[in-house]
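A short write-up of the structure that comes next.
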Amino acid sequence: MRLSLPLSVLAALTLAGCAFGPKVPPSFLALPSTAQVQPGASRTAADGQAVLVGVPSVPAELGALRIPVRVTPTEIAYVKDAQWADAPARLFRNVLADTVTARTGRVVIEPRGANVTPGIRLGGRLQTFGLDAATRTAVVTYDASLARGKSDTVETRRFQASVPVTTEDGPTIAAALTQGANQVASEVAGWVGG
């Protein structure tokens with residue numbers, strides 16, 4: 001009796017032991033917000049009252065899922081075996097949105113899929129989000145822009161936090177960046193709510 005397997009099954013069995021692509025780290029790094037919205041909290045906003053928090057733009061060094069290390073003013077490396085669970089810009093945007101919601105009581109909407117016209121639009125550029133090797137600090141720099149109502153006026157402000165790092169490994173640096181991101185987000189929420 002002749003046994004015949006489809007070619008696709010044979011190929012799958014042959015490749016089962018092979019690995020393609022970069023090595024996956026044992027864990028991914030998160031950026032949790034310390035300003036949590038209480039479960040069951042309900043908020044409403046009429047057209048023109050909600051806050052839209054946009055995903056910030058980033059320089060090329062923050063386009064990766066890695067933690068950049070500023071070695072010199074012209075040289076950047078990345079922390080070995082450390083990878084974010086999502087793009088740093090989206091992680092930071094989520095911290096901003098949670099913090100603005102919790103601290104101001106306002107409704108915060110996503111950039112996409114919003115069914116209401118926002119009254120406040122928060123955007124900007126996440127300029128720095130990594131380790132400064134010379135000072136051994138985790139640095140978060142956010143150049144924010146804020147537009148209120150239908151005005152053509154836009155306010156801008158730079159927010160920055162620096163947190164000392166004792167050990168240069170992924171979890172330690174991520175914890176310091178989380179602290180810095182939450183500090184910046186808290187200051188931004190005060191600005192938005194003011």
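Convention: chains lettered A, B, ... in structure tokens order; per-chain residue numbering from 1; ligands numbered from 1 as shown.
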- request: Please provide as a PyMOL selection string all residues within 8 Å of region 102-109 of chain A, with the sequence filter that same-chain residues fewer than 4 positions apart are discarded (counting only C-alpha atoms).
  value: chain A and resi 35-37+43-45+49-53+97-98+114+118+186+189-190+192-193
Grab the residues selected above and save them as an mmCIF file, in the first residue's frame with N, CA, C and O atoms.
```
data_model
loop_
_atom_site.group_PDB
_atom_site.id
_atom_site.type_symbol
_atom_site.label_atom_id
_atom_site.label_comp_id
_atom_site.auth_asym_id
_atom_site.auth_seq_id
_atom_site.Cartn_x
_atom_site.Cartn_y
_atom_site.Cartn_z
ATOM 1 N N ALA A 35 -2.049 56.722 35.903
ATOM 2 C CA ALA A 35 -3.332 57.413 36.106
ATOM 3 C C ALA A 35 -4.421 56.568 35.466
ATOM 4 O O ALA A 35 -4.699 56.700 34.281
ATOM 5 N N GLN A 36 -5.016 55.712 36.248
ATOM 6 C CA GLN A 36 -6.017 54.795 35.718
ATOM 7 C C GLN A 36 -7.429 55.346 35.874
ATOM 8 O O GLN A 36 -7.760 55.941 36.896
ATOM 9 N N VAL A 37 -8.233 55.138 34.865
ATOM 10 C CA VAL A 37 -9.648 55.478 34.922
ATOM 11 C C VAL A 37 -10.350 54.352 35.670
ATOM 12 O O VAL A 37 -10.113 53.175 35.402
ATOM 13 N N ARG A 43 -18.492 58.854 31.070
ATOM 14 C CA ARG A 43 -18.302 60.251 30.682
ATOM 15 C C ARG A 43 -19.050 60.479 29.376
ATOM 16 O O ARG A 43 -19.126 59.586 28.541
ATOM 17 N N THR A 44 -19.551 61.679 29.193
ATOM 18 C CA THR A 44 -20.197 62.028 27.934
ATOM 19 C C THR A 44 -19.640 63.362 27.454
ATOM 20 O O THR A 44 -19.170 64.180 28.247
ATOM 21 N N ALA A 45 -19.687 63.533 26.162
ATOM 22 C CA ALA A 45 -19.223 64.787 25.563
ATOM 23 C C ALA A 45 -20.072 65.081 24.341
ATOM 24 O O ALA A 45 -20.294 64.206 23.504
ATOM 25 N N GLN A 49 -16.673 68.998 22.424
ATOM 26 C CA GLN A 49 -16.213 68.976 23.809
ATOM 27 C C GLN A 49 -15.154 67.922 24.096
ATOM 28 O O GLN A 49 -14.475 68.006 25.108
ATOM 29 N N ALA A 50 -15.011 66.940 23.249
ATOM 30 C CA ALA A 50 -14.062 65.856 23.500
ATOM 31 C C ALA A 50 -12.634 66.291 23.187
ATOM 32 O O ALA A 50 -12.393 67.299 22.525
ATOM 33 N N VAL A 51 -11.694 65.512 23.696
ATOM 34 C CA VAL A 51 -10.270 65.750 23.453
ATOM 35 C C VAL A 51 -9.767 64.653 22.514
ATOM 36 O O VAL A 51 -9.951 63.467 22.791
ATOM 37 N N LEU A 52 -9.158 65.054 21.430
ATOM 38 C CA LEU A 52 -8.529 64.097 20.515
ATOM 39 C C LEU A 52 -7.036 64.087 20.832
ATOM 40 O O LEU A 52 -6.384 65.124 20.787
ATOM 41 N N VAL A 53 -6.517 62.916 21.188
ATOM 42 C CA VAL A 53 -5.090 62.757 21.459
ATOM 43 C C VAL A 53 -4.486 61.973 20.305
ATOM 44 O O VAL A 53 -4.814 60.801 20.106
ATOM 45 N N ALA A 97 -3.448 59.547 26.715
ATOM 46 C CA ALA A 97 -4.913 59.462 26.689
ATOM 47 C C ALA A 97 -5.467 59.050 28.046
ATOM 48 O O ALA A 97 -6.422 59.663 28.548
ATOM 49 N N ASP A 98 -4.880 58.028 28.670
ATOM 50 C CA ASP A 98 -5.346 57.583 29.992
ATOM 51 C C ASP A 98 -5.184 58.686 31.027
ATOM 52 O O ASP A 98 -6.064 58.907 31.856
ATOM 53 N N ALA A 114 -13.496 58.507 15.172
ATOM 54 C CA ALA A 114 -14.213 59.432 16.050
ATOM 55 C C ALA A 114 -15.507 59.887 15.375
ATOM 56 O O ALA A 114 -15.487 60.343 14.241
ATOM 57 N N PRO A 118 -13.837 66.947 17.842
ATOM 58 C CA PRO A 118 -13.189 67.286 19.107
ATOM 59 C C PRO A 118 -13.141 68.796 19.339
ATOM 60 O O PRO A 118 -13.080 69.580 18.396
ATOM 61 N N SER A 186 1.334 63.638 32.942
ATOM 62 C CA SER A 186 0.654 64.371 34.009
ATOM 63 C C SER A 186 0.756 65.879 33.793
ATOM 64 O O SER A 186 -0.227 66.620 33.961
ATOM 65 N N ALA A 189 -1.500 66.784 30.892
ATOM 66 C CA ALA A 189 -2.909 66.773 31.307
ATOM 67 C C ALA A 189 -3.262 68.064 32.046
ATOM 68 O O ALA A 189 -4.347 68.622 31.854
ATOM 69 N N GLY A 190 -2.346 68.558 32.871
ATOM 70 C CA GLY A 190 -2.569 69.841 33.539
ATOM 71 C C GLY A 190 -2.701 70.985 32.566
ATOM 72 O O GLY A 190 -3.510 71.896 32.734
ATOM 73 N N VAL A 192 -3.665 70.663 29.324
ATOM 74 C CA VAL A 192 -4.909 70.470 28.573
ATOM 75 C C VAL A 192 -6.110 70.899 29.412
ATOM 76 O O VAL A 192 -7.015 71.567 28.910
ATOM 77 N N GLY A 193 -6.106 70.561 30.692
ATOM 78 C CA GLY A 193 -7.228 70.870 31.556
ATOM 79 C C GLY A 193 -7.288 72.309 32.004
ATOM 80 O O GLY A 193 -8.323 72.774 32.492
#
```
Determine, counting only C-alpha atoms, which protein, DNA and RNA residues have an atom within 12 Å of an atom of Ala87 (chain A); residues of the same chain fewer than 5 positions away are not included. Present the result as a PDB file with N, CA and C atoms, in the first residue's frame.
```pdb
ATOM      1  N   PHE A  28       8.205  41.041  26.262  1.00  0.00           N
ATOM      2  CA  PHE A  28       8.112  42.357  25.645  1.00  0.00           C
ATOM      3  C   PHE A  28       7.885  43.392  26.739  1.00  0.00           C
ATOM      4  N   LEU A  29       8.310  44.622  26.479  1.00  0.00           N
ATOM      5  CA  LEU A  29       8.201  45.694  27.455  1.00  0.00           C
ATOM      6  C   LEU A  29       6.919  46.484  27.247  1.00  0.00           C
ATOM      7  N   ALA A  30       6.268  46.837  28.343  1.00  0.00           N
ATOM      8  CA  ALA A  30       5.030  47.615  28.303  1.00  0.00           C
ATOM      9  C   ALA A  30       5.290  48.996  28.884  1.00  0.00           C
ATOM     10  N   LEU A  31       4.351  49.902  28.656  1.00  0.00           N
ATOM     11  CA  LEU A  31       4.430  51.263  29.172  1.00  0.00           C
ATOM     12  C   LEU A  31       3.083  51.580  29.827  1.00  0.00           C
ATOM     13  N   VAL A  55      -1.447  60.292  17.844  1.00  0.00           N
ATOM     14  CA  VAL A  55      -0.182  59.564  17.969  1.00  0.00           C
ATOM     15  C   VAL A  55       0.931  60.526  17.559  1.00  0.00           C
ATOM     16  N   PRO A  56       1.908  60.737  18.434  1.00  0.00           N
ATOM     17  CA  PRO A  56       2.955  61.706  18.091  1.00  0.00           C
ATOM     18  C   PRO A  56       3.853  61.204  16.962  1.00  0.00           C
ATOM     19  N   SER A  57       4.389  62.143  16.216  1.00  0.00           N
ATOM     20  CA  SER A  57       5.414  61.776  15.242  1.00  0.00           C
ATOM     21  C   SER A  57       6.702  61.502  16.006  1.00  0.00           C
ATOM     22  N   VAL A  58       7.630  60.790  15.379  1.00  0.00           N
ATOM     23  CA  VAL A  58       8.888  60.432  16.039  1.00  0.00           C
ATOM     24  C   VAL A  58      10.044  60.528  15.051  1.00  0.00           C
ATOM     25  N   ALA A  60      13.500  58.945  13.330  1.00  0.00           N
ATOM     26  CA  ALA A  60      13.751  57.584  12.823  1.00  0.00           C
ATOM     27  C   ALA A  60      14.212  56.622  13.907  1.00  0.00           C
ATOM     28  N   GLU A  61      14.993  57.091  14.858  1.00  0.00           N
ATOM     29  CA  GLU A  61      15.512  56.205  15.901  1.00  0.00           C
ATOM     30  C   GLU A  61      14.410  55.607  16.761  1.00  0.00           C
ATOM     31  N   LEU A  62      13.238  56.249  16.802  1.00  0.00           N
ATOM     32  CA  LEU A  62      12.115  55.732  17.587  1.00  0.00           C
ATOM     33  C   LEU A  62      11.117  54.969  16.725  1.00  0.00           C
ATOM     34  N   GLY A  63      11.448  54.748  15.473  1.00  0.00           N
ATOM     35  CA  GLY A  63      10.577  53.999  14.582  1.00  0.00           C
ATOM     36  C   GLY A  63      10.645  52.502  14.825  1.00  0.00           C
ATOM     37  N   ALA A  64      11.661  52.059  15.548  1.00  0.00           N
ATOM     38  CA  ALA A  64      11.836  50.633  15.855  1.00  0.00           C
ATOM     39  C   ALA A  64      11.145  50.312  17.177  1.00  0.00           C
ATOM     40  N   LEU A  65      11.004  49.028  17.462  1.00  0.00           N
ATOM     41  CA  LEU A  65      10.427  48.589  18.726  1.00  0.00           C
ATOM     42  C   LEU A  65      11.498  48.452  19.805  1.00  0.00           C
ATOM     43  N   ARG A  66      12.638  49.042  19.588  1.00  0.00           N
ATOM     44  CA  ARG A  66      13.786  48.915  20.498  1.00  0.00           C
ATOM     45  C   ARG A  66      13.976  50.186  21.304  1.00  0.00           C
ATOM     46  N   ILE A  67      14.777  50.105  22.366  1.00  0.00           N
ATOM     47  CA  ILE A  67      15.081  51.274  23.197  1.00  0.00           C
ATOM     48  C   ILE A  67      16.392  51.873  22.717  1.00  0.00           C
ATOM     49  N   PHE A  92       3.176  55.682  24.081  1.00  0.00           N
ATOM     50  CA  PHE A  92       3.154  56.989  24.732  1.00  0.00           C
ATOM     51  C   PHE A  92       1.796  57.661  24.554  1.00  0.00           C
ATOM     52  N   ARG A  93       1.199  57.545  23.388  1.00  0.00           N
ATOM     53  CA  ARG A  93      -0.126  58.124  23.139  1.00  0.00           C
ATOM     54  C   ARG A  93      -1.154  57.540  24.094  1.00  0.00           C
ATOM     55  N   ASN A  94      -1.070  56.234  24.359  1.00  0.00           N
ATOM     56  CA  ASN A  94      -2.011  55.592  25.274  1.00  0.00           C
ATOM     57  C   ASN A  94      -1.849  56.106  26.703  1.00  0.00           C
ATOM     58  N   LEU A 126       7.214  63.097  19.730  1.00  0.00           N
ATOM     59  CA  LEU A 126       7.975  62.441  20.795  1.00  0.00           C
ATOM     60  C   LEU A 126       9.437  62.499  20.364  1.00  0.00           C
ATOM     61  N   PHE A 129      13.042  59.415  23.602  1.00  0.00           N
ATOM     62  CA  PHE A 129      12.411  58.362  24.396  1.00  0.00           C
ATOM     63  C   PHE A 129      13.413  57.215  24.501  1.00  0.00           C
TER      64      PHE A 129
END
```
- request: List every residue of chain A that DSSP, applied to the backbone of this structure, assigns to strand (DSSP E), and report them as a ChimeraX atom specification.
  value: /A:51-53,68-72,75-78,108-109,120-132,137-148,154-164
All helix (DSSP H, G or I) residues (DSSP, backbone) inside region 74-191 of chain A, as a PyMOL selection string: chain A and resi 88-104+170-191
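The shell of residues at most 12 Å from Val165 (chain A), with only C-alpha atoms counted and near chain neighbours (fewer than 5 positions) removed, consists of Gly130, Leu131, Asp132, Ala133, Ala134, Thr135, Arg136, Thr137, Ala138, Val139, Gly170, Pro171, Thr172, Ile173, Ala174, Ala175, Ala176, Leu177, Gln179 and Gly180 of chain A.
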field: Counting only C-alpha atoms, the option among A:Pro32, A:Pro59, A:Pro111, A:Pro26 closest to Tyr142 (chain A)
entry: A:Pro59
task: Extract, using only C-alpha atoms, all DNA, RNA and protein residues at most 10 Å from Phe159 (chain A), discarding same-chain residues fewer than 3 positions from it, and format them as JSON, numbers by chain.
output: {"A": [126, 140, 141, 142, 143, 144, 156, 181, 183, 184, 185, 187, 188]}
Once you have the residues from the selection above, write them out as a PDB file, in the first residue's frame, restricted to N, CA, C and O atoms.
```
ATOM      1  N   LEU A 126       7.214  63.097  19.730  1.00  0.00           N
ATOM      2  CA  LEU A 126       7.975  62.441  20.795  1.00  0.00           C
ATOM      3  C   LEU A 126       9.437  62.499  20.364  1.00  0.00           C
ATOM      4  O   LEU A 126       9.901  61.680  19.581  1.00  0.00           O
ATOM      5  N   VAL A 140      12.603  61.457  28.416  1.00  0.00           N
ATOM      6  CA  VAL A 140      11.380  61.547  27.623  1.00  0.00           C
ATOM      7  C   VAL A 140      11.181  63.027  27.300  1.00  0.00           C
ATOM      8  O   VAL A 140      11.054  63.845  28.210  1.00  0.00           O
ATOM      9  N   THR A 141      11.167  63.360  26.008  1.00  0.00           N
ATOM     10  CA  THR A 141      10.935  64.735  25.569  1.00  0.00           C
ATOM     11  C   THR A 141       9.779  64.730  24.579  1.00  0.00           C
ATOM     12  O   THR A 141       9.825  64.032  23.567  1.00  0.00           O
ATOM     13  N   TYR A 142       8.742  65.504  24.916  1.00  0.00           N
ATOM     14  CA  TYR A 142       7.546  65.579  24.071  1.00  0.00           C
ATOM     15  C   TYR A 142       7.297  67.034  23.725  1.00  0.00           C
ATOM     16  O   TYR A 142       7.074  67.873  24.593  1.00  0.00           O
ATOM     17  N   ASP A 143       7.351  67.344  22.443  1.00  0.00           N
ATOM     18  CA  ASP A 143       7.021  68.670  21.940  1.00  0.00           C
ATOM     19  C   ASP A 143       5.548  68.656  21.557  1.00  0.00           C
ATOM     20  O   ASP A 143       5.174  68.140  20.504  1.00  0.00           O
ATOM     21  N   ALA A 144       4.711  69.201  22.449  1.00  0.00           N
ATOM     22  CA  ALA A 144       3.258  69.110  22.292  1.00  0.00           C
ATOM     23  C   ALA A 144       2.702  70.311  21.559  1.00  0.00           C
ATOM     24  O   ALA A 144       3.238  71.417  21.633  1.00  0.00           O
ATOM     25  N   THR A 156       2.145  75.635  21.588  1.00  0.00           N
ATOM     26  CA  THR A 156       3.137  74.565  21.656  1.00  0.00           C
ATOM     27  C   THR A 156       3.886  74.677  22.976  1.00  0.00           C
ATOM     28  O   THR A 156       4.036  75.771  23.531  1.00  0.00           O
ATOM     29  N   ALA A 181       7.560  58.972  31.264  1.00  0.00           N
ATOM     30  CA  ALA A 181       6.393  59.166  30.397  1.00  0.00           C
ATOM     31  C   ALA A 181       5.174  59.577  31.209  1.00  0.00           C
ATOM     32  O   ALA A 181       4.404  60.443  30.796  1.00  0.00           O
ATOM     33  N   GLN A 183       5.230  61.140  34.128  1.00  0.00           N
ATOM     34  CA  GLN A 183       5.462  62.504  34.603  1.00  0.00           C
ATOM     35  C   GLN A 183       5.106  63.521  33.520  1.00  0.00           C
ATOM     36  O   GLN A 183       4.408  64.494  33.764  1.00  0.00           O
ATOM     37  N   VAL A 184       5.596  63.259  32.303  1.00  0.00           N
ATOM     38  CA  VAL A 184       5.287  64.145  31.177  1.00  0.00           C
ATOM     39  C   VAL A 184       3.788  64.170  30.922  1.00  0.00           C
ATOM     40  O   VAL A 184       3.190  65.238  30.750  1.00  0.00           O
ATOM     41  N   ALA A 185       3.151  63.001  30.914  1.00  0.00           N
ATOM     42  CA  ALA A 185       1.706  62.927  30.654  1.00  0.00           C
ATOM     43  C   ALA A 185       0.906  63.696  31.700  1.00  0.00           C
ATOM     44  O   ALA A 185      -0.084  64.358  31.374  1.00  0.00           O
ATOM     45  N   GLU A 187       1.929  66.342  33.389  1.00  0.00           N
ATOM     46  CA  GLU A 187       2.116  67.767  33.105  1.00  0.00           C
ATOM     47  C   GLU A 187       1.299  68.209  31.885  1.00  0.00           C
ATOM     48  O   GLU A 187       0.705  69.280  31.877  1.00  0.00           O
ATOM     49  N   VAL A 188       1.244  67.342  30.880  1.00  0.00           N
ATOM     50  CA  VAL A 188       0.443  67.641  29.685  1.00  0.00           C
ATOM     51  C   VAL A 188      -1.038  67.699  30.055  1.00  0.00           C
ATOM     52  O   VAL A 188      -1.765  68.593  29.606  1.00  0.00           O
TER      53      VAL A 188
END
```
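Reported to one decimal place, the separation of CA of Ala147 (chain A) from CA of Arg125 (chain A) is 14.7 Å.
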Computed interatomic separation between CA of Gln160 (chain A) and CA of Val100 (chain A) (Å): 16.9 Å
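Using only C-alpha atoms, the protein and nucleic acid residues lying no more than 10 Å from Lys80 (chain A), apart from those fewer than 2 places from it along its own chain, are A:Pro25, A:Arg66, A:Ile67, A:Pro68, A:Ala77, A:Tyr78, A:Ala82, A:Gln83, A:Glu168, A:Asp169, A:Gly170.
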Restricting it to N, CA and C atoms, dump the selection as a PDB file, in the first residue's frame.
```pdb
ATOM      1  N   PRO A  25      12.391  38.031  21.639  1.00  0.00           N
ATOM      2  CA  PRO A  25      12.839  38.106  23.030  1.00  0.00           C
ATOM      3  C   PRO A  25      11.920  37.291  23.935  1.00  0.00           C
ATOM      4  N   ARG A  66      12.638  49.042  19.588  1.00  0.00           N
ATOM      5  CA  ARG A  66      13.786  48.915  20.498  1.00  0.00           C
ATOM      6  C   ARG A  66      13.976  50.186  21.304  1.00  0.00           C
ATOM      7  N   ILE A  67      14.777  50.105  22.366  1.00  0.00           N
ATOM      8  CA  ILE A  67      15.081  51.274  23.197  1.00  0.00           C
ATOM      9  C   ILE A  67      16.392  51.873  22.717  1.00  0.00           C
ATOM     10  N   PRO A  68      16.364  53.117  22.218  1.00  0.00           N
ATOM     11  CA  PRO A  68      17.601  53.730  21.748  1.00  0.00           C
ATOM     12  C   PRO A  68      18.464  54.234  22.905  1.00  0.00           C
ATOM     13  N   ALA A  77      22.841  53.585  19.688  1.00  0.00           N
ATOM     14  CA  ALA A  77      22.829  52.128  19.761  1.00  0.00           C
ATOM     15  C   ALA A  77      21.458  51.729  20.314  1.00  0.00           C
ATOM     16  N   TYR A  78      21.214  50.438  20.431  1.00  0.00           N
ATOM     17  CA  TYR A  78      19.960  49.959  21.002  1.00  0.00           C
ATOM     18  C   TYR A  78      20.261  48.984  22.132  1.00  0.00           C
ATOM     19  N   ALA A  82      15.968  43.926  24.322  1.00  0.00           N
ATOM     20  CA  ALA A  82      14.844  44.686  24.874  1.00  0.00           C
ATOM     21  C   ALA A  82      13.957  45.143  23.720  1.00  0.00           C
ATOM     22  N   GLN A  83      12.684  44.781  23.786  1.00  0.00           N
ATOM     23  CA  GLN A  83      11.758  45.137  22.717  1.00  0.00           C
ATOM     24  C   GLN A  83      10.412  45.526  23.303  1.00  0.00           C
ATOM     25  N   GLU A 168      21.861  49.244  33.186  1.00  0.00           N
ATOM     26  CA  GLU A 168      21.515  49.462  31.778  1.00  0.00           C
ATOM     27  C   GLU A 168      20.999  48.185  31.128  1.00  0.00           C
ATOM     28  N   ASP A 169      19.856  47.706  31.624  1.00  0.00           N
ATOM     29  CA  ASP A 169      19.195  46.564  31.003  1.00  0.00           C
ATOM     30  C   ASP A 169      17.772  46.965  30.636  1.00  0.00           C
ATOM     31  N   GLY A 170      17.145  46.189  29.776  1.00  0.00           N
ATOM     32  CA  GLY A 170      15.832  46.527  29.250  1.00  0.00           C
ATOM     33  C   GLY A 170      14.780  46.822  30.299  1.00  0.00           C
TER      34      GLY A 170
END
```
